[in-house]
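Asks: Below is the structure I would like to discuss, written out as structure tokens.
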Amino acid sequence: MRIVVMGAGAWGSALALHMHRRGADVQLWARNPAARLTSGAMPRLPDYPLPESICVSDTVPAHADLILVVIPVQHLASVLPLLPAGVPAILCCKGVERDTHRFPLQILADARPDIPGGLLSGPNFAHEIAAGLPAAAVLAAADKGRAHEWAGHIASPSFRLYASDDPLGVQLGGAAKNVIAIAAGTAMGAGLGENARAALITRGLAETGRLADALGGQPATLAGLAGLGDLLLTCTGEASRNYQMGLALGRGMTPENATKLLKGVAEGVPTSDALLALARQHGVSVPIIETVSDLLARSITLSEAQNRLLNRPLKTE
Ligand SMILES: NC(=O)c1ccc[n+]([C@@H]2O[C@H](COP(=O)([O-])OP(=O)(O)OC[C@H]3O[C@@H](n4cnc5c(N)ncnc54)[C@H](O)[C@@H]3O)[C@@H](O)[C@H]2O)c1
Ligand SMILES: O=P(O)(O)OC[C@H](O)CO
């Protein structure tokens with residue numbers, strides 16, 4: 001099987017390694033192939049050298065069986081013209097485009113209606129997949145048959161994939177967990193304790209469920225790997241860039257300085273604004289997402305954020 005992985009960041013490199021181990025002929029597309037380290041690793045995943053047989057190149061071949069697109073959501077549209085016609089594309093990013101409020105599969109459908117698309121999401125740190133540690137994820141597509149087919153091309157004995165025909169729910173779960181992880185990291189960085197984090201995770205899931213309902217996703221999807229599963233990983237795993245972003249904010253760093261320190265992208269930053277806009281458009285209350293967006297914009301302080309979330313009118317759960 002010939003696989004092209006587009007994007008040589010941490011996740012693209014890990015997926016290239018995974019597909020190679022699975023026996024595929026893998027080409028990794030990178031903006032700057034010369035950045036490959038002498039060990040064979042890419043800089044964002046330096047501890048995992050890629051074998052020589054994975055070609056790293058800045059050209060996309062005209063023929064492949066499957067393309068994995070692993071570009072941050074804010075830059076996804078810019079690479080889509082490069083995709084060869086007709087080859088199925090599995091998008092592996094998690095977020096919402098800030099200016100247009102589009103989820104990844106919508107960005108693909110608008111730019112390349114000729115390309116069938118699916119989306120891979122779940123609790124998966126790149127370095128653990130690169131190490132071959134056990135993990136599970138969801139492959140979503142509007143057509144469940146295709147979701148099963150593509151899941152079969154990517155799954156392995158250590159990477160168990162489930163098919164889903166709720167791409168909206170899966171994309172929303174992956175996008176929202178990044179924002180909630182910033183909130184959880186902020187609480188932990190500010191020393192607010194484990195109770196506060198558990199409350200943010202649970203109430204974060206509740207507001208994501210309301211949003212799924214309004215946008216046409218299936219709330220049950222959010223109880224699965226792409227929802228609760230990824231929320232738990234990202235809100236508790238210190239390797240998460242979104243959680244690290246929150247930790248830095250909670251310790252008093254400005255969003256600008258926290259971004260500079262991060263090794264990699266924190267999708268929750270632009271996604272917080274996009275999800276807030278979508279929620280407002282649909283009349284859905286998303287207090288945690290709103291608070292993260294305001295904190296990042298520096299329109300509220302940390303103690304105002306805390307007061308705002310704790311002192312809203314009491315409600316039933
Ligand atoms: N790292 C993980 O553990 C992980 C796991 C699952 C999903 N994801 C998702 O995968 C996506 C990519 O994350 P990552 O961890 O690989 O990010 P990263 O920060 O490690 O790397 C981002 C990559 O995108 C490339 N890139 C950035 N702007 C580009 C542009 N305009 N054109 C072309 N390439 C561009 C960079 O060169 C880099 O190779 C994100 O949406 C993230 O949420 C990451
Ligand atoms: O490092 P993060 O916060 O982008 O999280 C990585 C993955 O999405 C975890 O599933």
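Residue names in the structure tokens use chain letters A, B, ... in the order shown, residue numbers from 1 in each chain, and ligand numbers from 1 in the order shown.
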Using 9 Å as the limit and counting only C-alpha atoms and all ligand atoms, can you tabulate each residue of chain A that touches ligand 2, with its shortest atom-to-atom distance in Å and the two atoms involved, as a Markdown table?
Replies:
| residue | atom | partner | partner_atom_place_in_ligand_line | distance |
| --- | --- | --- | --- | --- |
| A:Trp11 | CA | ligand 2 | 6 (C) | 8.2 |
| A:Cys93 | CA | ligand 2 | 8 (O) | 8.1 |
| A:Lys94 | CA | ligand 2 | 8 (O) | 6.8 |
| A:Ser121 | CA | ligand 2 | 10 (O) | 7.4 |
| A:Gly122 | CA | ligand 2 | 10 (O) | 5.5 |
| A:Pro123 | CA | ligand 2 | 10 (O) | 3.8 |
| A:Asn124 | CA | ligand 2 | 10 (O) | 4.0 |
| A:Phe125 | CA | ligand 2 | 9 (C) | 4.8 |
| A:Ala126 | CA | ligand 2 | 6 (C) | 7.1 |
| A:Gly174 | CA | ligand 2 | 8 (O) | 7.0 |
| A:Ala175 | CA | ligand 2 | 8 (O) | 8.8 |
| A:Lys177 | CA | ligand 2 | 8 (O) | 8.3 |
| A:Asn178 | CA | ligand 2 | 3 (O) | 5.9 |
| A:Ala181 | CA | ligand 2 | 3 (O) | 7.2 |
| A:Ile182 | CA | ligand 2 | 3 (O) | 8.4 |
| A:Ala226 | CA | ligand 2 | 10 (O) | 8.4 |
| A:Gly229 | CA | ligand 2 | 10 (O) | 8.4 |
| A:Asp230 | CA | ligand 2 | 10 (O) | 5.2 |
| A:Leu231 | CA | ligand 2 | 10 (O) | 8.0 |
| A:Leu233 | CA | ligand 2 | 9 (C) | 6.4 |
| A:Thr234 | CA | ligand 2 | 9 (C) | 5.5 |
| A:Cys235 | CA | ligand 2 | 3 (O) | 8.3 |
| A:Gly237 | CA | ligand 2 | 9 (C) | 8.5 |
| A:Glu238 | CA | ligand 2 | 1 (O) | 8.6 |
| A:Ala239 | CA | ligand 2 | 1 (O) | 6.1 |
| A:Ser240 | CA | ligand 2 | 1 (O) | 3.4 |
| A:Arg241 | CA | ligand 2 | 1 (O) | 3.9 |
| A:Asn242 | CA | ligand 2 | 3 (O) | 3.9 |
| A:Tyr243 | CA | ligand 2 | 3 (O) | 6.0 |
| A:Gln244 | CA | ligand 2 | 3 (O) | 7.7 |
| A:Met245 | CA | ligand 2 | 3 (O) | 8.6 |
| A:Gly264 | CA | ligand 2 | 1 (O) | 7.8 |
| A:Val265 | CA | ligand 2 | 4 (O) | 6.6 |
| A:Ala266 | CA | ligand 2 | 4 (O) | 5.6 |
| A:Glu267 | CA | ligand 2 | 4 (O) | 6.3 |
| A:Gly268 | CA | ligand 2 | 3 (O) | 7.8 |
Asks: Could the residues in this selection be written to a file with C-alpha atoms, as a short mmCIF file (atom, residue, chain, number, x, y, z; two decimals), in the first residue's frame?
Replies:
data_model
loop_
_atom_site.label_atom_id
_atom_site.label_comp_id
_atom_site.auth_asym_id
_atom_site.auth_seq_id
_atom_site.Cartn_x
_atom_site.Cartn_y
_atom_site.Cartn_z
CA TRP A 11 1.92 13.64 14.64
CA CYS A 93 -5.90 17.41 12.74
CA LYS A 94 -8.06 18.67 15.63
CA SER A 121 -9.14 11.44 16.10
CA GLY A 122 -8.70 10.05 19.59
CA PRO A 123 -6.46 10.01 22.67
CA ASN A 124 -3.11 9.65 20.93
CA PHE A 125 0.13 11.33 21.93
CA ALA A 126 2.51 11.20 18.97
CA GLY A 174 -11.15 16.70 19.11
CA ALA A 175 -11.48 20.46 18.77
CA LYS A 177 -10.87 19.00 24.20
CA ASN A 178 -7.96 21.25 23.22
CA ALA A 181 -7.27 21.28 28.27
CA ILE A 182 -6.12 24.90 28.31
CA ALA A 226 -12.76 11.24 20.35
CA GLY A 229 -11.16 9.69 25.85
CA ASP A 230 -9.19 12.56 24.36
CA LEU A 231 -10.47 15.03 26.95
CA LEU A 233 -5.70 12.42 28.02
CA THR A 234 -5.26 16.06 27.11
CA CYS A 235 -6.43 17.46 30.47
CA GLY A 237 -1.19 14.30 30.27
CA GLU A 238 1.67 16.73 30.76
CA ALA A 239 2.90 16.04 27.21
CA SER A 240 -0.13 17.93 25.85
CA ARG A 241 0.80 21.29 24.30
CA ASN A 242 -2.67 22.65 25.10
CA TYR A 243 -2.36 21.61 28.73
CA GLN A 244 1.17 23.10 28.84
CA MET A 245 -0.21 26.34 27.41
CA GLY A 264 4.57 22.65 18.64
CA VAL A 265 1.10 23.88 17.95
CA ALA A 266 -1.64 24.45 20.60
CA GLU A 267 -4.76 24.13 18.44
CA GLY A 268 -6.98 25.17 21.37
#
Asks: Go through A:Ser299, A:Thr271, A:Ser158, A:Ser39 and flag the residue nearest ligand 1, using only C-alpha atoms and all ligand atoms for the distances.
Replies: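 For ligand 1, the nearest of the given residues is A:Thr271.
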Asks: Name the closest residue to ligand 1 among the candidates A:Ala111, A:Ala130, A:Ala34, A:Ala10; distances are taken between atoms, counting only C-alpha atoms and all ligand atoms.
Replies: A:Ala10
Asks: Go through A:Pro134, A:Pro88, A:Gly173, A:Gly7 one by one, measure the shortest atom-to-atom distance of each to A:Leu76 using only C-alpha atoms, and give the residue with the smallest value.
Replies: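 Ranked by minimum distance to A:Leu76, first place goes to A:Gly7.
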Asks: With distances taken over only C-alpha atoms, which of A:Gln74, A:Ser164, A:Gln306, A:Gln106 is nearest to A:Val269?
Replies: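 Nearest to A:Val269: A:Gln74.
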Asks: Which residues, written as a list of chain:residue names, have at least one atom at most 12 Å from A:Asp294, with only C-alpha atoms counted and residues fewer than 2 positions away on the same chain left out?
Replies: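 The residues that qualify are A:Val179, A:Ala183, A:Pro255, A:Val269, A:Pro270, A:Ser272, A:Asp273, A:Leu276, A:Pro287, A:Ile288, A:Ile289, A:Glu290, A:Thr291, A:Val292, A:Leu296, A:Ala297, A:Arg298, A:Ser299, A:Ile300, A:Thr301, A:Leu302, A:Glu304, A:Ala305, A:Arg308.
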Asks: Selection from above, C-alpha atoms, as a PDB file, in the first residue's frame, can you write it?
Replies:
ATOM      1  CA  VAL A 179      -9.783  24.282  24.630  1.00  0.00           C
ATOM      2  CA  ALA A 183      -8.665  25.529  31.093  1.00  0.00           C
ATOM      3  CA  PRO A 255      -0.388  34.005  26.142  1.00  0.00           C
ATOM      4  CA  VAL A 269      -5.866  28.796  21.065  1.00  0.00           C
ATOM      5  CA  PRO A 270      -7.466  29.699  17.699  1.00  0.00           C
ATOM      6  CA  SER A 272     -11.461  28.689  21.381  1.00  0.00           C
ATOM      7  CA  ASP A 273     -12.541  31.761  19.394  1.00  0.00           C
ATOM      8  CA  LEU A 276     -17.272  30.445  20.892  1.00  0.00           C
ATOM      9  CA  PRO A 287     -18.914  29.185  29.750  1.00  0.00           C
ATOM     10  CA  ILE A 288     -15.580  27.335  29.889  1.00  0.00           C
ATOM     11  CA  ILE A 289     -14.781  27.855  26.203  1.00  0.00           C
ATOM     12  CA  GLU A 290     -15.806  31.518  26.527  1.00  0.00           C
ATOM     13  CA  THR A 291     -13.589  31.986  29.566  1.00  0.00           C
ATOM     14  CA  VAL A 292     -10.579  30.430  27.801  1.00  0.00           C
ATOM     15  CA  LEU A 296      -6.253  34.265  25.835  1.00  0.00           C
ATOM     16  CA  ALA A 297      -7.432  37.662  24.576  1.00  0.00           C
ATOM     17  CA  ARG A 298      -6.370  39.097  27.957  1.00  0.00           C
ATOM     18  CA  SER A 299      -9.788  40.691  28.362  1.00  0.00           C
ATOM     19  CA  ILE A 300     -10.153  39.058  31.810  1.00  0.00           C
ATOM     20  CA  THR A 301      -7.659  38.149  34.539  1.00  0.00           C
ATOM     21  CA  LEU A 302      -7.160  34.744  36.062  1.00  0.00           C
ATOM     22  CA  GLU A 304     -11.938  37.078  37.080  1.00  0.00           C
ATOM     23  CA  ALA A 305     -11.995  33.810  35.117  1.00  0.00           C
ATOM     24  CA  ARG A 308     -16.939  34.014  36.515  1.00  0.00           C
TER      25      ARG A 308
END
Asks: Can you work out the spacing between atom CA of A:Leu108 and atom CA of A:Arg21 in Å, to one decimal?
Replies: 27.9 Å
Asks: Using only C-alpha atoms, determine which residues lie at most 9 Å from A:His75, disregarding the query and same-chain residues fewer than 4 positions distant; provide the list as a count of residues only.
Replies: 3
Asks: Please determine, counting only C-alpha atoms, which residue among A:Leu80, A:Leu200, A:Ala206, A:Ala136 has the shortest atom-to-atom distance to A:Leu225.
Replies: A:Ala136
Asks: Looking at A:Leu82, A:Leu261, A:Ala16, A:Ile90, which one is nearest to A:Pro51, with distances taken over only C-alpha atoms?
Replies: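 Of all the options, A:Ala16 lies closest to A:Pro51.
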Asks: Report the residues of stretch 21-172 of chain A whose backbone DSSP state falls under strand (DSSP E or B), written as a ChimeraX atom specification.
Replies: /A:25-29,55-57,66-69,89-91,117-121,135-140,156,159-164
Asks: So that I can see what lies close to A:Leu249, please list as a list in words the residues with an atom at most 8 Å from it, counting only C-alpha atoms and leaving out residues fewer than 6 positions away in the same chain.
Replies: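 So the residues in contact are Thr186, Gly189, Pro255 and Ala258 of chain A.
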Asks: Can those selected residues be exported to a file as a short mmCIF file (atom, residue, chain, number, x, y, z; two decimals), in the first residue's frame so that it contains N, CA and C atoms?
Replies:
data_model
loop_
_atom_site.label_atom_id
_atom_site.label_comp_id
_atom_site.auth_asym_id
_atom_site.auth_seq_id
_atom_site.Cartn_x
_atom_site.Cartn_y
_atom_site.Cartn_z
N THR A 186 -4.63 25.61 33.09
CA THR A 186 -4.61 26.90 33.79
C THR A 186 -4.93 26.70 35.27
N GLY A 189 -1.97 25.07 36.88
CA GLY A 189 -0.84 26.01 36.97
C GLY A 189 -1.06 27.05 38.07
N PRO A 255 -0.18 34.97 27.23
CA PRO A 255 -0.39 34.01 26.14
C PRO A 255 0.72 34.07 25.09
N ALA A 258 3.79 32.32 26.50
CA ALA A 258 3.52 30.88 26.62
C ALA A 258 3.61 30.22 25.24
#
